[in-house]
file query.cif (mmCIF, C-alpha atoms)
data_model
loop_
_atom_site.label_atom_id
_atom_site.label_comp_id
_atom_site.auth_asym_id
_atom_site.auth_seq_id
_atom_site.Cartn_x
_atom_site.Cartn_y
_atom_site.Cartn_z
CA MET H 359 -87.23 87.18 155.29
CA ASN H 360 -83.60 88.16 155.93
CA LEU H 361 -81.80 84.93 155.02
CA GLU H 362 -78.50 85.94 156.65
CA LEU H 363 -80.23 86.78 159.93
CA PHE H 364 -82.22 83.50 159.82
CA ILE H 365 -79.07 81.40 159.36
CA ALA H 366 -77.22 83.35 162.07
CA ARG H 367 -80.07 82.74 164.53
CA ARG H 368 -80.09 79.01 163.75
CA LEU H 369 -76.31 78.80 164.21
CA PHE H 370 -76.48 80.72 167.47
CA GLY H 371 -79.47 78.85 168.86
CA THR H 372 -78.57 75.28 167.90
CA ARG H 373 -77.09 72.97 170.53
CA LYS H 374 -75.78 70.49 167.99
CA GLY H 375 -72.04 70.07 168.07
CA GLU H 376 -71.51 71.35 171.60
CA HIS H 377 -68.24 69.41 171.68
CA ARG H 378 -66.77 71.69 169.07
CA ILE H 379 -63.97 74.10 169.98
CA SER H 380 -66.09 77.17 169.17
CA LYS H 381 -68.35 76.65 172.19
CA PRO H 382 -65.78 77.68 174.86
CA ALA H 383 -64.54 80.46 172.56
CA VAL H 384 -68.06 81.88 172.26
CA THR H 385 -68.60 81.54 176.02
CA ILE H 386 -65.34 83.37 176.72
CA ALA H 387 -66.33 86.09 174.23
CA GLN H 388 -69.72 86.54 175.92
CA TRP H 389 -68.18 86.84 179.37
CA GLY H 390 -65.52 89.17 178.02
CA VAL H 391 -68.29 91.52 176.92
CA SER H 392 -70.14 90.98 180.22
CA VAL H 393 -67.09 91.87 182.29
CA GLY H 394 -66.58 94.99 180.19
CA ILE H 395 -70.17 96.11 180.78
CA ILE H 396 -69.93 95.33 184.51
CA VAL H 397 -66.76 97.41 184.84
CA MET H 398 -68.33 100.24 182.84
CA ILE H 399 -71.50 100.36 184.97
CA VAL H 400 -69.73 100.03 188.31
CA SER H 401 -66.99 102.54 187.51
CA MET H 402 -69.46 105.09 186.13
CA CYS H 403 -71.81 104.76 189.10
CA ILE H 404 -68.97 105.01 191.61
CA VAL H 405 -67.32 108.05 190.01
CA VAL H 406 -70.62 109.88 189.52
CA GLY H 407 -71.62 109.03 193.09
CA PHE H 408 -68.25 110.08 194.47
CA LYS H 409 -68.31 113.41 192.64
CA HIS H 410 -71.91 114.03 193.72
CA GLU H 411 -71.16 113.31 197.38
CA ILE H 412 -68.09 115.57 197.45
CA LYS H 413 -69.88 118.39 195.65
CA GLU H 414 -72.87 118.17 197.98
CA LYS H 415 -70.61 118.41 201.02
CA ILE H 416 -68.68 121.40 199.68
CA ILE H 417 -71.91 123.13 198.68
CA GLY H 418 -73.49 122.26 202.03
CA PHE H 419 -70.76 124.19 203.83
CA GLY H 420 -70.74 127.25 201.58
CA GLY H 421 -73.61 127.35 199.09
CA HIS H 422 -73.44 127.45 195.29
CA ILE H 423 -72.46 131.13 195.16
CA GLN H 424 -71.02 133.54 197.72
CA VAL H 425 -71.02 137.32 197.87
CA ARG H 426 -68.11 138.76 199.86
CA ASN H 427 -66.46 142.13 200.54
CA TYR H 428 -63.32 142.87 198.53
CA GLU H 429 -61.60 144.30 201.60
CA ALA H 430 -62.42 141.37 203.86
CA SER H 431 -60.11 138.47 204.69
CA ASP H 432 -61.32 134.87 204.86
CA PHE H 433 -62.97 135.68 208.18
CA GLY H 434 -64.74 138.80 206.90
CA GLU H 435 -63.56 141.63 209.15
CA ASN H 436 -65.11 144.03 206.62
CA PRO H 437 -68.81 143.22 206.40
CA VAL H 438 -71.24 142.86 203.53
CA THR H 439 -74.16 145.20 204.13
CA ALA H 440 -77.46 143.98 202.70
CA THR H 441 -80.94 144.95 203.81
CA ILE H 442 -83.96 142.68 203.70
CA ASP H 443 -85.04 144.40 200.50
CA ASP H 444 -81.59 143.82 198.98
CA ILE H 445 -81.81 140.11 199.75
CA ARG H 446 -85.33 139.89 198.31
CA THR H 447 -84.09 141.59 195.15
CA LEU H 448 -81.36 138.99 194.76
CA GLU H 449 -83.81 136.16 195.47
CA SER H 450 -85.95 137.41 192.59
CA CYS H 451 -83.12 136.69 190.13
CA GLN H 452 -83.88 133.73 187.88
CA GLY H 453 -82.48 130.47 189.21
CA VAL H 454 -81.94 131.67 192.79
CA VAL H 455 -83.85 129.65 195.41
CA HIS H 456 -82.40 130.81 198.74
CA ILE H 457 -80.05 133.40 200.24
CA GLN H 458 -78.63 133.32 203.77
CA GLN H 459 -76.22 135.44 205.78
CA PHE H 460 -73.26 134.06 207.72
CA ILE H 461 -70.32 135.23 209.80
CA GLN H 462 -67.06 133.37 210.40
CA LYS H 463 -64.66 134.09 213.25
CA PRO H 464 -61.47 132.32 214.33
CA GLY H 465 -61.38 131.20 217.94
CA LEU H 466 -59.94 128.78 220.49
CA ILE H 467 -61.87 126.06 222.30
CA SER H 468 -60.65 125.54 225.84
CA VAL H 469 -61.34 122.32 227.74
CA GLY H 470 -59.24 122.05 230.89
CA ASP H 471 -55.64 122.50 229.79
CA GLU H 472 -56.40 121.59 226.17
CA PHE H 473 -56.84 124.16 223.41
CA GLU H 474 -57.93 123.71 219.81
CA GLY H 475 -58.11 126.32 217.06
CA ILE H 476 -61.47 126.51 215.29
CA ILE H 477 -63.54 128.70 212.99
CA VAL H 478 -66.91 129.61 214.47
CA LYS H 479 -69.62 130.10 211.86
CA GLY H 480 -72.62 132.15 212.90
CA ILE H 481 -75.94 131.37 211.21
CA GLY H 482 -79.50 132.59 211.72
CA ASP H 483 -83.00 131.17 211.74
CA GLY H 484 -83.26 131.62 207.97
CA TYR H 485 -80.29 129.37 207.35
CA ASP H 486 -80.88 126.18 205.38
CA SER H 487 -79.74 123.59 207.91
CA THR H 488 -80.67 120.52 205.85
CA PHE H 489 -77.08 119.51 205.11
CA ILE H 490 -75.63 119.88 208.62
CA ALA H 491 -78.73 118.47 210.30
CA SER H 492 -78.47 115.33 208.15
CA HIS H 493 -74.94 114.72 209.47
CA ILE H 494 -75.67 115.08 213.20
CA VAL H 495 -74.35 111.97 214.97
CA GLU H 496 -75.00 113.04 218.57
CA GLY H 497 -77.54 115.44 220.02
CA SER H 498 -79.66 117.63 217.75
CA PHE H 499 -79.53 120.71 215.59
CA PRO H 500 -80.55 123.69 217.75
CA HIS H 501 -82.62 126.67 216.69
CA PHE H 502 -80.28 129.57 216.02
CA SER H 503 -81.76 133.05 216.21
CA ASP H 504 -80.82 136.35 214.57
CA THR H 505 -81.99 138.32 217.59
CA ALA H 506 -80.84 136.44 220.71
CA ALA H 507 -77.83 134.47 221.89
CA SER H 508 -78.47 130.75 222.16
CA ASN H 509 -75.23 129.91 223.98
CA LYS H 510 -75.29 126.65 222.04
CA ILE H 511 -72.80 125.29 219.56
CA LEU H 512 -72.32 122.41 217.13
CA ILE H 513 -68.87 120.87 216.83
CA SER H 514 -67.49 118.09 214.68
CA ARG H 515 -66.69 114.59 215.89
CA ILE H 516 -63.01 115.21 215.09
CA ILE H 517 -62.88 118.19 217.46
CA ALA H 518 -64.94 116.34 220.07
CA ASN H 519 -62.57 113.36 220.00
CA LYS H 520 -59.46 115.52 220.20
CA LEU H 521 -60.71 117.39 223.28
CA LYS H 522 -62.79 114.51 224.72
CA ILE H 523 -65.99 116.55 224.51
CA ALA H 524 -69.44 114.96 224.69
CA GLN H 525 -72.86 116.26 223.77
CA GLY H 526 -74.17 118.42 226.62
CA ASP H 527 -70.73 119.53 227.85
CA LYS H 528 -70.01 123.20 228.47
CA ILE H 529 -66.95 124.68 226.80
CA ASN H 530 -65.18 128.04 226.74
CA ILE H 531 -64.42 129.70 223.41
CA TYR H 532 -61.96 132.60 223.21
CA PHE H 533 -61.90 135.19 220.45
CA VAL H 534 -58.96 137.54 219.92
CA GLN H 535 -60.19 140.85 218.58
CA ASN H 536 -59.37 144.15 220.32
CA GLY H 537 -58.48 142.08 223.32
CA ILE H 538 -59.68 138.63 224.33
CA LYS H 539 -63.39 137.90 224.46
CA ALA H 540 -64.76 134.68 225.93
CA ARG H 541 -68.06 132.89 225.51
CA ARG H 542 -69.27 129.86 227.44
CA MET H 543 -71.41 127.56 225.35
CA THR H 544 -73.14 124.19 225.58
CA VAL H 545 -72.40 121.52 223.01
CA GLU H 546 -75.88 120.89 221.62
CA GLY H 547 -74.82 118.45 218.93
CA ILE H 548 -71.90 116.76 217.20
CA TYR H 549 -71.76 116.39 213.43
CA GLU H 550 -69.61 114.32 211.08
CA THR H 551 -69.40 114.87 207.31
CA ASN H 552 -66.01 113.16 206.75
CA LEU H 553 -64.90 116.22 204.76
CA ASN H 554 -61.91 116.64 207.02
CA GLU H 555 -60.86 120.06 205.73
CA MET H 556 -64.09 121.41 207.28
CA ASP H 557 -64.64 118.97 210.12
CA GLU H 558 -61.25 119.75 211.65
CA LEU H 559 -62.05 123.46 211.97
CA LEU H 560 -65.70 124.39 211.75
CA ALA H 561 -68.06 124.91 214.68
CA ILE H 562 -71.53 126.43 214.30
CA THR H 563 -73.40 128.83 216.56
CA ASP H 564 -75.97 131.63 216.21
CA ILE H 565 -75.23 134.67 214.07
CA TYR H 566 -76.36 137.01 216.85
CA THR H 567 -73.36 136.06 218.98
CA THR H 568 -70.84 136.53 216.17
CA ARG H 569 -72.44 139.87 215.21
CA ARG H 570 -72.06 141.16 218.75
CA LEU H 571 -68.44 140.04 218.84
CA ASN H 572 -67.79 142.07 215.66
CA GLY H 573 -69.96 145.01 216.73
CA TRP H 574 -72.12 144.77 213.58
CA ASN H 575 -75.79 145.55 213.07
CA SER H 576 -78.47 143.19 211.73
CA GLU H 577 -77.81 144.16 208.10
CA GLN H 578 -74.13 143.26 208.22
CA SER H 579 -72.54 139.86 207.75
CA ALA H 580 -69.32 138.28 206.46
CA GLY H 581 -71.12 137.31 203.28
CA LEU H 582 -74.15 135.87 201.55
CA GLU H 583 -74.53 132.22 200.59
CA ILE H 584 -76.76 131.70 197.58
CA SER H 585 -78.40 128.42 196.55
CA VAL H 586 -79.51 127.91 192.96
CA SER H 587 -82.02 125.56 191.37
CA ASP H 588 -79.70 124.12 188.71
CA TYR H 589 -76.04 123.51 189.52
CA ASP H 590 -75.18 123.10 185.83
CA ASN H 591 -76.16 126.75 185.26
CA VAL H 592 -74.44 128.17 188.33
CA SER H 593 -71.98 130.29 186.30
CA ALA H 594 -74.77 131.77 184.17
CA ILE H 595 -76.84 132.55 187.27
CA ARG H 596 -73.81 134.19 188.88
CA ASP H 597 -73.31 136.38 185.80
CA SER H 598 -76.98 137.38 185.76
CA MET H 599 -76.70 138.58 189.38
CA VAL H 600 -73.73 140.86 188.82
CA SER H 601 -75.80 143.96 187.99
CA CYS H 602 -77.90 143.54 191.16
CA ILE H 603 -74.75 143.05 193.24
CA GLU H 604 -73.19 146.18 191.77
CA GLU H 605 -76.33 148.15 192.59
CA ILE H 606 -76.25 146.96 196.22
CA ALA H 607 -72.53 147.72 196.44
CA ASN H 608 -73.00 151.27 195.16
CA ARG H 609 -75.97 151.89 197.45
CA HIS H 610 -73.98 150.96 200.56
CA ARG H 611 -70.60 152.20 199.25
CA GLN H 612 -68.84 148.86 199.47
CA GLY H 613 -66.84 146.69 197.11
CA LEU H 614 -68.43 143.29 196.56
CA TYR H 615 -67.43 140.28 194.50
CA VAL H 616 -69.23 137.08 193.57
CA GLN H 617 -67.73 133.57 193.40
CA THR H 618 -69.14 130.20 192.50
CA VAL H 619 -68.38 127.14 194.59
CA GLU H 620 -65.89 125.93 191.97
CA GLU H 621 -64.03 129.24 192.07
CA MET H 622 -63.87 129.07 195.85
CA ASN H 623 -62.53 125.49 195.83
CA PRO H 624 -60.42 125.18 192.66
CA ARG H 625 -58.10 122.48 194.02
CA MET H 626 -60.93 120.17 195.06
CA PHE H 627 -62.84 120.53 191.80
CA ALA H 628 -59.69 120.10 189.71
CA TRP H 629 -59.14 116.81 191.52
CA LEU H 630 -62.71 115.73 190.73
CA GLU H 631 -62.19 116.52 187.05
CA ILE H 632 -59.16 114.21 186.98
CA LEU H 633 -61.48 111.33 187.93
CA ASP H 634 -63.34 111.72 184.63
CA GLY H 635 -60.14 111.15 182.68
CA THR H 636 -59.36 108.08 184.76
CA VAL H 637 -62.76 106.57 183.98
CA TRP H 638 -62.30 107.09 180.23
CA ILE H 639 -58.94 105.32 180.37
CA ILE H 640 -60.55 102.38 182.18
CA LEU H 641 -63.39 102.24 179.64
CA VAL H 642 -60.99 102.24 176.67
CA LEU H 643 -58.97 99.40 178.20
CA VAL H 644 -62.09 97.40 178.99
CA LEU H 645 -63.46 97.96 175.48
CA GLY H 646 -60.17 96.75 174.03
CA ILE H 647 -60.22 93.58 176.12
CA ALA H 648 -63.87 92.86 175.32
CA GLY H 649 -63.25 93.50 171.62
CA PHE H 650 -60.25 91.19 171.61
CA THR H 651 -62.23 88.31 173.10
CA VAL H 652 -65.09 88.76 170.61
CA ILE H 653 -62.68 88.98 167.66
CA SER H 654 -60.93 85.81 168.84
CA GLY H 655 -64.26 84.01 169.16
CA LEU H 656 -65.36 85.15 165.70
CA LEU H 657 -62.12 84.00 164.06
CA ILE H 658 -62.36 80.59 165.72
CA LEU H 659 -65.98 80.35 164.60
CA ILE H 660 -65.10 81.24 160.99
CA LEU H 661 -62.36 78.63 160.91
CA GLU H 662 -64.66 76.00 162.37
CA LYS H 663 -67.46 76.84 159.95
CA SER H 664 -65.23 77.08 156.89
CA ASN H 665 -66.91 73.98 155.47
CA LEU H 666 -70.30 75.73 155.71
CA ILE H 667 -68.79 78.87 154.16
CA GLY H 668 -67.43 76.83 151.25
CA VAL H 669 -70.81 75.18 150.65
CA MET H 670 -72.63 78.52 150.68
CA LYS H 671 -70.15 80.05 148.26
CA ALA H 672 -70.48 77.01 146.00
CA LEU H 673 -74.25 77.57 145.99
CA GLY H 674 -73.71 81.16 144.83
CA ALA H 675 -73.62 83.16 148.06
CA GLN H 676 -71.60 86.37 147.85
CA ASP H 677 -68.79 87.15 150.31
CA ALA H 678 -70.75 90.12 151.70
CA SER H 679 -73.76 87.90 152.40
CA VAL H 680 -71.67 85.29 154.25
CA ARG H 681 -69.91 88.04 156.21
CA ARG H 682 -73.29 89.39 157.35
CA ILE H 683 -74.21 85.95 158.71
CA PHE H 684 -71.19 85.91 160.99
CA LEU H 685 -71.58 89.57 161.94
CA TYR H 686 -75.17 88.83 162.99
CA TYR H 687 -73.87 85.85 164.94
CA ALA H 688 -71.33 88.12 166.66
CA MET H 689 -74.10 90.60 167.46
CA PHE H 690 -75.98 87.85 169.27
CA ILE H 691 -72.84 87.06 171.29
CA ILE H 692 -72.32 90.72 172.14
CA GLY H 693 -76.00 91.25 172.92
CA ARG H 694 -76.19 88.31 175.32
CA GLY H 695 -72.94 89.38 176.98
CA MET H 696 -74.24 92.93 177.40
CA LEU H 697 -77.53 91.66 178.82
CA TRP H 698 -75.82 89.63 181.52
CA GLY H 699 -73.31 92.41 182.12
CA ASN H 700 -76.09 94.93 182.73
CA ILE H 701 -77.98 92.56 185.02
CA ILE H 702 -74.91 91.79 187.13
CA GLY H 703 -73.57 95.37 187.06
CA PHE H 704 -76.83 96.98 188.17
CA THR H 705 -77.37 94.28 190.79
CA LEU H 706 -73.95 94.95 192.32
CA CYS H 707 -74.58 98.70 192.33
CA LEU H 708 -78.04 98.32 193.90
CA LEU H 709 -76.60 96.00 196.54
CA GLN H 710 -73.88 98.50 197.43
CA LYS H 711 -76.32 101.42 197.45
CA ALA H 712 -78.73 99.58 199.75
CA THR H 713 -76.24 98.04 202.17
CA GLY H 714 -72.97 99.98 201.86
CA ILE H 715 -71.21 96.64 202.20
CA ILE H 716 -67.93 97.97 200.75
CA ALA H 717 -66.49 100.46 203.24
CA LEU H 718 -63.89 103.20 202.75
CA ASP H 719 -61.44 104.98 204.99
CA PRO H 720 -63.12 108.39 205.53
CA THR H 721 -59.80 110.06 206.35
CA MET H 722 -58.68 109.41 202.75
CA TYR H 723 -61.88 109.30 200.69
CA TYR H 724 -64.14 111.80 202.56
CA MET H 725 -66.84 109.15 203.02
CA ASP H 726 -67.19 105.89 204.90
CA ARG H 727 -68.53 103.69 202.09
CA VAL H 728 -68.33 103.40 198.32
CA PRO H 729 -70.94 105.83 196.90
CA ILE H 730 -73.27 104.79 194.10
CA MET H 731 -75.28 107.09 191.86
CA PHE H 732 -76.99 105.97 188.66
CA THR H 733 -76.72 108.18 185.61
CA TRP H 734 -78.62 108.29 182.31
CA TRP H 735 -75.23 108.27 180.56
CA LEU H 736 -75.22 104.49 181.04
CA ILE H 737 -77.84 104.14 178.26
CA PRO H 738 -75.80 105.84 175.49
CA MET H 739 -72.63 104.18 176.81
CA ASN H 740 -74.27 100.77 176.28
CA ILE H 741 -75.27 101.74 172.76
CA VAL H 742 -71.83 103.11 171.94
CA MET H 743 -70.11 100.00 173.30
CA PHE H 744 -72.36 97.76 171.18
CA ILE H 745 -71.68 99.78 168.02
CA ILE H 746 -67.91 99.89 168.58
CA SER H 747 -67.76 96.18 169.41
CA VAL H 748 -69.57 95.30 166.18
CA ALA H 749 -67.45 97.75 164.16
CA MET H 750 -64.30 96.07 165.47
CA LEU H 751 -65.48 92.82 163.85
CA VAL H 752 -65.83 94.16 160.32
CA LEU H 753 -62.15 93.82 159.46
CA PRO H 754 -61.68 90.28 160.92
CA SER H 755 -64.82 89.13 159.07
CA MET H 756 -63.05 89.86 155.77
CA LEU H 757 -61.17 86.61 156.33
CA ILE H 758 -64.24 84.97 154.78
CA SER H 759 -63.36 86.38 151.34
CA ARG H 760 -60.07 84.44 151.43
CA ILE H 761 -61.77 81.08 151.90
CA GLU H 762 -61.97 79.14 148.61
CA PRO H 763 -65.00 76.85 148.22
CA THR H 764 -63.06 73.94 146.68
CA LYS H 765 -60.66 73.77 149.61
CA ALA H 766 -63.16 74.67 152.33
CA ILE H 767 -65.59 71.86 151.45
CA LYS H 768 -62.81 69.34 152.07
CA PHE H 769 -61.80 71.02 155.33
CA GLU H 770 -62.51 69.20 158.57
#

call {"tool": "encode", "arguments": {"input": "query.cif", "output": "structure tokens"}}
result
Amino acid sequence: MNLELFIARRLFGTRKGEHRISKPAVTIAQWGVSVGIIVMIVSMCIVVGFKHEIKEKIIGFGGHIQVRNYEASDFGENPVTATIDDIRTLESCQGVVHIQQFIQKPGLISVGDEFEGIIVKGIGDGYDSTFIASHIVEGSFPHFSDTAASNKILISRIIANKLKIAQGDKINIYFVQNGIKARRMTVEGIYETNLNEMDELLAITDIYTTRRLNGWNSEQSAGLEISVSDYDNVSAIRDSMVSCIEEIANRHRQGLYVQTVEEMNPRMFAWLEILDGTVWIILVLVLGIAGFTVISGLLILILEKSNLIGVMKALGAQDASVRRIFLYYAMFIIGRGMLWGNIIGFTLCLLQKATGIIALDPTMYYMDRVPIMFTWWLIPMNIVMFIISVAMLVLPSMLISRIEPTKAIKFE
């Protein structure tokens, strides 16, 4: 039997002497560790959830990868030509799960005397509408065809509120290209993603209408949006597609380039990366506070148990053996604190995930409630925090070697 562990368990489990000063010190140390774990779990889940939500919204509007024409502006006046066979060839690349065509055109919505500048995005029946459809707040997501005009449009709640438009209203949209072209459309649905950079501008209609406005055929579009199976490998998948893209470009005598979602939105993703650094700063501060409380509790415990230490040394116990007793004792304190910290931390996160009780201002945070997403990183973070907390106690435990048995036995 491990004698040091046995003694540490008896010291930790006994209720004798609850009036002693070490009891509140140990309690404070336990809750110091608990608070540290709670902050770690909550901050990690919030940051991971926040980054996931923002990434999903950006990807939902533009895919993981885009293929565009070198000579085109943001609105793609110079088209990307890709036949059905070309698209199937790209879809056969490893990691690619879906490819869809799109066209974007600037326009003006007119309602009475009010005008609002927008970007109309044309999509077809092969478009993955999962993201937009999940954010419809009024009406429904219409079927958009590649071969016929639907005369239907989706607009954002921001645009609808500005122009006082409701679902089912008819609106006029003007396009300036070789003169002014007008289209009258019915508002089939209103969406809200809270990603204001997109919500303030983007309206969605069928790709057939935008193709006719540009005078393009069915093989031409402003670009291709590509979805991949593994976001972590998006750069590698992009690189593996380059040869196929070059072949398509040479076949149709066009200059094409490929960009990942991070390359298309560098400012947004740079901001998300800053959040990781902020979390690490918080974790270091929390670890320092938790370590300080445990060290304080251990020192108080050593001073209070100096009589016991003196007796053990007088009986022949080595300093290293006595130190292990108190390190085991500290491990029990840390372990209980981490247990309660995990229980409370995960409970708070589950409560927020289920109810969304803590709300956010969507105009500032791009979402209306605090997002929560659990990550497997919490397991190694718990282990690392336990190891570091125990390691921080090694130096303070050396105080035991300075206690002399003759003096300690008399100490009260």

call {"tool": "closest_residue", "arguments": {"input": "query.cif", "among": "H:Pro437, H:Gly475, H:Gly703, H:Pro464", "to": "Gly573 of chain H", "atoms": "all atoms listed in the file"}}
result
H:Pro437

call {"tool": "closest_residue", "arguments": {"input": "query.cif", "among": "H:Ile476, H:Val742, H:Ile511, H:Leu571", "to": "Lys539 of chain H", "atoms": "only C-alpha atoms"}}
result
H:Leu571

call {"tool": "closest_residue", "arguments": {"input": "query.cif", "among": "H:Phe704, H:Phe690, H:Trp638, H:Phe650", "to": "Met750 of chain H", "atoms": "all atoms listed in the file"}}
result
H:Phe650

call {"tool": "residues_around", "arguments": {"input": "query.cif", "residues": "Met689 of chain H", "least_positions_apart": "5", "cutoff": "12 Å", "atoms": "all atoms listed in the file", "output": "PyMOL selection string"}}
result
chain H and resi 363+366-367+370+384+387-388+391+649+652-653+655-656+682-684+694-697+743-752

call {"tool": "residues_around", "arguments": {"input": "query.cif", "residues": "Gly465 of chain H", "least_positions_apart": "4", "cutoff": "12 Å", "atoms": "only C-alpha atoms", "output": "VMD selection string"}}
result
chain H and resid 433 473 to 479 530 to 535 538 to 541 559 to 562 568 571

call {"tool": "resolve_selection", "arguments": {"input": "query.cif", "expression": "the PyMOL selection byres ((chain H and resi 506) around 12)", "output": "list in words"}}
result
Ile481, Gly482, Asp483, His501, Phe502, Ser503, Asp504, Thr505, Ala507, Ser508, Asn509, Lys510, Thr563, Asp564, Ile565, Tyr566, Thr567, Thr568, Arg569, Arg570 and Ser576 of chain H

call {"tool": "closest_residue", "arguments": {"input": "query.cif", "among": "H:Gly635, H:His456, H:Glu583, H:Ile691", "to": "Leu659 of chain H", "atoms": "only C-alpha atoms"}}
result
H:Ile691

call {"tool": "atom_distance", "arguments": {"input": "query.cif", "atom1": "atom CA of Arg426 of chain H", "atom2": "atom CA of Ala440 of chain H"}}
result
11.1 Å

call {"tool": "closest_residue", "arguments": {"input": "query.cif", "among": "H:Met722, H:Ile442, H:Leu361, H:Val455", "to": "Tyr589 of chain H", "atoms": "all atoms listed in the file"}}
result
H:Val455
